[in-house]
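Everything below belongs to input-v8.cif, which stores mmCIF, C-alpha atoms and all ligand atoms.
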data_run
#
loop_
_atom_site.label_atom_id
_atom_site.label_comp_id
_atom_site.auth_asym_id
_atom_site.auth_seq_id
_atom_site.Cartn_x
_atom_site.Cartn_y
_atom_site.Cartn_z
CA MET A 1 -63.52 -173.20 37.92
CA MET A 2 -60.25 -174.80 38.94
CA ASP A 3 -62.24 -177.60 40.56
CA LYS A 4 -63.98 -178.36 37.27
CA LEU A 5 -60.76 -178.30 35.31
CA TRP A 6 -59.05 -180.43 37.91
CA SER A 7 -61.80 -183.00 37.95
CA CYS A 8 -61.41 -183.40 34.16
CA LEU A 9 -57.63 -183.54 34.41
CA ALA A 10 -57.66 -186.05 37.23
CA GLY A 11 -60.67 -188.00 35.95
CA ARG A 12 -59.32 -188.71 32.48
CA ARG A 13 -57.82 -192.13 32.13
CA GLN A 14 -56.70 -194.18 29.20
CA VAL A 15 -59.42 -196.66 28.32
CA SER A 16 -58.29 -199.20 25.78
CA LEU A 17 -60.24 -198.79 22.57
CA ARG A 18 -61.75 -202.24 22.75
CA ARG A 19 -63.31 -201.31 26.08
CA LEU A 20 -64.89 -198.11 24.80
CA LEU A 21 -68.56 -198.87 24.32
CA ALA A 22 -71.59 -197.08 22.88
CA PRO A 23 -72.81 -194.47 23.19
CA GLY A 24 -70.07 -192.35 21.75
CA PRO A 25 -70.38 -188.59 21.41
CA ASP A 26 -73.22 -187.37 19.19
CA ASP A 27 -72.58 -184.77 16.49
CA ALA A 28 -72.84 -181.81 18.88
CA ALA A 29 -70.53 -183.36 21.46
CA LEU A 30 -68.05 -184.35 18.78
CA GLU A 31 -68.07 -180.85 17.36
CA ARG A 32 -67.13 -179.51 20.80
CA ILE A 33 -64.33 -182.04 21.00
CA PHE A 34 -62.95 -180.83 17.66
CA ALA A 35 -63.47 -177.19 18.68
CA ALA A 36 -61.36 -177.93 21.76
CA ALA A 37 -58.53 -179.02 19.47
CA ALA A 38 -58.63 -175.59 17.84
CA GLN A 39 -57.73 -174.03 21.20
CA ALA A 40 -54.29 -175.62 21.14
CA PRO A 41 -51.18 -173.43 21.07
CA ASP A 42 -49.72 -173.28 17.58
CA HIS A 43 -46.39 -171.52 17.01
CA GLY A 44 -46.63 -169.56 13.76
CA VAL A 45 -50.32 -170.44 13.44
CA LEU A 46 -49.45 -173.16 10.96
CA LEU A 47 -52.26 -175.57 11.82
CA PRO A 48 -49.72 -178.39 11.88
CA TRP A 49 -52.25 -181.16 12.37
CA ARG A 50 -55.57 -182.49 11.22
CA PHE A 51 -58.03 -185.12 12.34
CA ILE A 52 -59.83 -187.73 10.29
CA LEU A 53 -63.11 -189.09 11.63
CA ILE A 54 -63.47 -192.73 10.61
CA SER A 55 -67.06 -193.19 9.49
CA PRO A 56 -68.86 -196.46 10.23
CA GLU A 57 -68.94 -197.26 6.50
CA ARG A 58 -65.14 -197.08 6.26
CA ARG A 59 -64.37 -199.27 9.28
CA PRO A 60 -64.01 -202.35 7.06
CA ASP A 61 -61.47 -200.47 4.93
CA LEU A 62 -59.58 -199.54 8.09
CA GLY A 63 -59.69 -203.19 9.16
CA ARG A 64 -58.19 -204.24 5.83
CA ALA A 65 -55.45 -201.60 6.26
CA PHE A 66 -54.59 -202.98 9.73
CA ALA A 67 -54.51 -206.52 8.34
CA GLU A 68 -52.43 -205.48 5.33
CA ALA A 69 -49.98 -203.60 7.54
CA LEU A 70 -49.55 -206.72 9.66
CA ALA A 71 -49.05 -208.93 6.61
CA GLN A 72 -46.44 -206.54 5.27
CA ARG A 73 -44.32 -206.47 8.42
CA ASP A 74 -44.93 -210.10 9.30
CA PRO A 75 -45.69 -212.19 6.23
CA GLY A 76 -45.92 -215.25 8.47
CA ALA A 77 -48.75 -213.84 10.61
CA ASP A 78 -51.44 -216.47 10.91
CA GLU A 79 -55.13 -216.11 10.21
CA ALA A 80 -56.00 -215.42 13.87
CA ALA A 81 -53.47 -212.57 14.04
CA ARG A 82 -54.82 -211.09 10.82
CA ALA A 83 -58.38 -211.36 12.08
CA ALA A 84 -57.38 -209.60 15.33
CA ALA A 85 -55.72 -206.82 13.32
CA TYR A 86 -58.87 -206.42 11.22
CA GLU A 87 -61.07 -206.33 14.32
CA LYS A 88 -59.16 -203.37 15.78
CA ALA A 89 -60.90 -201.15 13.27
CA PHE A 90 -64.22 -201.81 14.97
CA HIS A 91 -63.15 -200.80 18.47
CA ALA A 92 -64.61 -197.62 20.02
CA PRO A 93 -67.91 -196.16 18.80
CA CYS A 94 -66.13 -193.00 17.68
CA LEU A 95 -62.68 -193.23 16.13
CA VAL A 96 -60.49 -190.37 14.93
CA ALA A 97 -57.02 -190.45 13.38
CA ALA A 98 -54.62 -187.73 14.55
CA VAL A 99 -52.26 -186.55 11.82
CA MET A 100 -49.27 -184.25 12.10
CA VAL A 101 -48.84 -181.90 9.14
CA ASP A 102 -45.29 -180.72 8.52
CA ASP A 103 -46.09 -178.60 5.50
CA PRO A 104 -42.92 -177.42 3.73
CA ALA A 105 -44.98 -174.75 1.95
CA GLY A 106 -45.38 -173.04 5.29
CA ALA A 107 -41.56 -172.69 5.27
CA THR A 108 -40.80 -171.22 8.64
CA THR A 109 -38.36 -171.64 11.40
CA VAL A 110 -40.83 -173.65 13.46
CA PRO A 111 -39.19 -177.05 14.01
CA VAL A 112 -41.11 -180.27 13.60
CA ALA A 113 -40.90 -180.97 17.34
CA GLU A 114 -42.99 -177.87 17.98
CA LYS A 115 -45.59 -179.05 15.48
CA LEU A 116 -45.79 -182.35 17.31
CA VAL A 117 -46.17 -180.51 20.62
CA SER A 118 -49.05 -178.54 19.10
CA LEU A 119 -50.71 -181.77 17.99
CA GLY A 120 -50.23 -183.21 21.47
CA CYS A 121 -51.90 -180.17 22.99
CA ALA A 122 -54.78 -180.50 20.54
CA VAL A 123 -55.18 -184.18 21.42
CA GLN A 124 -55.16 -183.48 25.16
CA ASN A 125 -57.74 -180.73 24.67
CA MET A 126 -59.93 -183.25 22.89
CA LEU A 127 -59.54 -185.83 25.64
CA LEU A 128 -60.47 -183.25 28.26
CA ALA A 129 -63.44 -182.01 26.22
CA ALA A 130 -64.65 -185.59 26.00
CA GLU A 131 -64.16 -186.07 29.73
CA ALA A 132 -66.05 -182.83 30.48
CA GLN A 133 -68.98 -184.15 28.46
CA GLY A 134 -69.02 -187.49 30.23
CA PHE A 135 -67.20 -189.59 27.64
CA ALA A 136 -64.21 -191.83 28.10
CA SER A 137 -61.33 -191.88 25.69
CA GLY A 138 -58.20 -193.73 24.74
CA LEU A 139 -55.24 -193.50 22.39
CA ALA A 140 -53.86 -196.25 20.18
CA SER A 141 -50.78 -196.20 18.02
CA GLY A 142 -48.45 -198.89 16.76
CA LEU A 143 -46.49 -199.95 13.71
CA ALA A 144 -49.53 -199.87 11.44
CA MET A 145 -49.63 -196.08 11.69
CA GLU A 146 -46.63 -195.77 9.37
CA SER A 147 -47.62 -198.52 6.98
CA VAL A 148 -48.19 -197.99 3.29
CA ALA A 149 -51.72 -199.36 3.64
CA MET A 150 -52.61 -196.86 6.38
CA ARG A 151 -51.06 -193.94 4.53
CA ARG A 152 -53.03 -194.88 1.43
CA LEU A 153 -56.31 -195.29 3.31
CA LEU A 154 -55.96 -191.95 5.10
CA CYS A 155 -54.80 -190.24 1.87
CA LEU A 156 -51.76 -188.82 3.64
CA LEU A 157 -49.49 -186.43 1.77
CA PRO A 158 -45.73 -186.99 1.97
CA HIS A 159 -45.35 -184.37 4.69
CA GLU A 160 -48.10 -185.85 6.84
CA GLN A 161 -47.72 -188.49 9.52
CA ALA A 162 -50.46 -190.43 11.29
CA ILE A 163 -49.54 -190.36 14.97
CA CYS A 164 -52.33 -192.24 16.71
CA PHE A 165 -56.00 -193.05 16.79
CA ILE A 166 -58.23 -191.46 19.40
CA GLY A 167 -61.25 -193.42 20.55
CA PHE A 168 -64.23 -191.94 22.32
CA GLY A 169 -67.06 -193.80 23.98
CA THR A 170 -68.53 -194.79 27.26
CA GLY A 171 -65.96 -196.02 29.73
CA GLY A 172 -65.12 -199.57 30.60
CA ALA A 173 -64.86 -200.65 34.20
CA ALA A 174 -63.49 -197.90 36.43
CA LYS A 175 -59.74 -198.24 36.78
CA ALA A 176 -57.89 -197.57 39.98
CA PRO A 177 -56.36 -194.12 39.82
CA ARG A 178 -52.86 -194.17 38.39
CA GLU A 179 -50.24 -192.88 40.76
CA ARG A 180 -48.99 -189.67 39.20
CA PRO A 181 -45.36 -188.61 39.34
CA ALA A 182 -44.67 -186.11 42.10
CA THR A 183 -43.89 -182.72 40.63
CA GLY A 184 -40.45 -182.89 42.23
CA ARG A 185 -39.55 -185.65 39.77
CA PHE A 186 -39.92 -183.41 36.76
CA VAL A 187 -39.60 -179.83 38.01
CA THR A 188 -36.32 -178.19 38.91
CA VAL A 189 -35.39 -174.60 39.54
CA LEU A 190 -32.50 -173.09 37.64
C1 LIG A 201 -49.19 -190.73 21.28
C2 LIG A 201 -49.73 -191.77 22.22
C3 LIG A 201 -49.99 -193.05 21.75
C4 LIG A 201 -50.50 -194.03 22.60
N1 LIG A 201 -50.72 -195.29 22.10
C5 LIG A 201 -51.19 -196.24 22.92
C6 LIG A 201 -51.37 -197.57 22.47
O1 LIG A 201 -51.10 -197.91 21.31
N2 LIG A 201 -51.87 -198.49 23.32
C7 LIG A 201 -52.17 -198.15 24.61
O2 LIG A 201 -52.60 -199.02 25.36
N3 LIG A 201 -52.01 -196.91 25.07
C8 LIG A 201 -51.52 -195.95 24.27
N4 LIG A 201 -51.35 -194.68 24.74
C9 LIG A 201 -51.86 -194.33 26.07
C10 LIG A 201 -50.89 -194.60 27.20
O3 LIG A 201 -50.69 -195.97 27.32
C11 LIG A 201 -51.50 -194.01 28.48
O4 LIG A 201 -51.61 -192.63 28.35
C12 LIG A 201 -50.63 -194.39 29.68
O5 LIG A 201 -50.79 -195.73 29.99
C13 LIG A 201 -50.95 -193.56 30.91
O6 LIG A 201 -52.26 -193.77 31.30
P1 LIG A 201 -53.28 -192.56 31.48
O7 LIG A 201 -53.48 -191.94 30.10
O8 LIG A 201 -54.53 -193.17 32.01
O9 LIG A 201 -52.67 -191.58 32.42
C14 LIG A 201 -50.78 -193.70 23.94
C15 LIG A 201 -50.49 -192.43 24.42
C16 LIG A 201 -49.95 -191.48 23.59
C17 LIG A 201 -49.65 -190.10 24.13
#
Represent the structure of the file as structure tokens.
Amino acid sequence: MMDKLWSCLAGRRQVSLRRLLAPGPDDAALERIFAAAAQAPDHGVLLPWRFILISPERRPDLGRAFAEALAQRDPGADEAARAAAYEKAFHAPCLVAAVMVDDPAGATTVPVAEKLVSLGCAVQNMLLAAEAQGFASGLASGLAMESVAMRRLLCLLPHEQAICFIGFGTGGAAKAPRERPATGRFVTVL
């Protein structure tokens, strides 16, 4: 059991979204990926996150949002830069936006940092569930996440924040394993 878990933990690597190729997960595999998110710890059981699957039909809208976000923060961006921003929407056969929900209606003492931790756990569960099913994955964020155009496209409420996109697909060229920090660098004993 530990071997299986470890092989997923150690086997997962960031694959840039443009290198994620078809096939992506089918409906059943994707459902397991989302079900894995539901296993995340969640202080207060607030469900402080949600995920938005970007359908193929809406990729052009996402592309326009990326391009608009670029134009907003850099009005001088040239046509090539705008085209590259638009193209990002077509990377990865399966693309999901990860959104943190800091719902004031759930007024509790759970701080926003804990909600973000819960989202991070959900995301990692999803990456591992993809890995366990033979799919590669990658995360992408950037300034466009907070743009007006992106917020409008994703229909975010004021208390919601798009954190990153998660791409799933079939891996690019195998990367050399990343050297991981020795536990002594981040574990101390009080
Ligand atoms: C919230 C979040 C956002 C990320 N956004 C990006 C990104 O925009 N571009 C990118 O290349 N990697 C992004 N990454 C992935 C990291 O670059 C990657 O995890 C890191 O290089 C370590 O590699 P590994 O995941 O293979 O261990 C993101 C990771 C996290 C947790």
Spatial neighbours of segment 73-77 of chain A, 9 Å, only C-alpha atoms, chain gap at least 3 places, as a ChimeraX atom specification = /A:68-70,80-82,143-144,147
Select, from A:Arg151, A:Lys4, A:Arg185, A:Arg19, the residue with the minimum atom-to-atom distance to ligand LIG 201 (chain A), counting all atoms listed in the file.
-> A:Arg19
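Every protein or nucleic acid residue with an atom no more than 10 Å from Ala38 of chain A, counting all atoms listed in the file and leaving out same-chain residues fewer than 5 positions away, appears here: A:Arg32, A:Ile33, A:Leu47, A:Cys121, A:Ala122, A:Val123, A:Asn125, A:Met126.
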Step by step, gather every atom of segment 157-170 of chain A that the file lists, find the box along x, y and z that holds them, add 8 Å on each side, and finally give centre and edge lengths in Å to one decimal, as AutoDock Vina command-line options.
--center_x -56.9 --center_y -189.6 --center_z 14.5 --size_x 39.2 --size_y 26.4 --size_z 41.5
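Contact shell of Ile52 of chain A at 8 Å (only C-alpha atoms; same-chain neighbours under 6 positions omitted): Val96, Ala97, Ala98, Val99 and Leu154 of chain A.
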Closest of A:Ala36, A:Val15, A:Val112, A:Ala140 to ligand LIG 201 (chain A), counting all atoms listed in the file, is A:Ala140
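For the atom pair formed by atom CA of Asp3 of chain A and atom CA of Pro23 of chain A, the distance is 26.4 Å, given to one decimal.
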Pick out the residues no farther than 6 Å from ligand LIG 201 (chain A), counting only C-alpha atoms and all ligand atoms, and list them as a PyMOL selection string.
-> chain A and resi 13-14+16+139-142+164
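Reported to one decimal place, the separation of atom CA of Cys94 of chain A from atom CA of Lys175 of chain A is 20.8 Å.
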Choose the residue, out of A:Gln133, A:Ser55, A:Ser118, A:Gln161, that has the smallest atom-to-atom separation from Val101 of chain A; count only C-alpha atoms.
-> A:Gln161
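The interatomic distance for the pair atom CA of Leu20 of chain A and atom CA of Ala174 of chain A works out to 11.7 Å.
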With a distance cut-off of 8 Å and only C-alpha atoms, select the neighbouring residues of Leu128 of chain A, excluding the residue or stretch itself and same-chain residues fewer than 2 positions from it, and output the selection as a ChimeraX atom specification.
-> /A:8-9,12,124-126,130-132
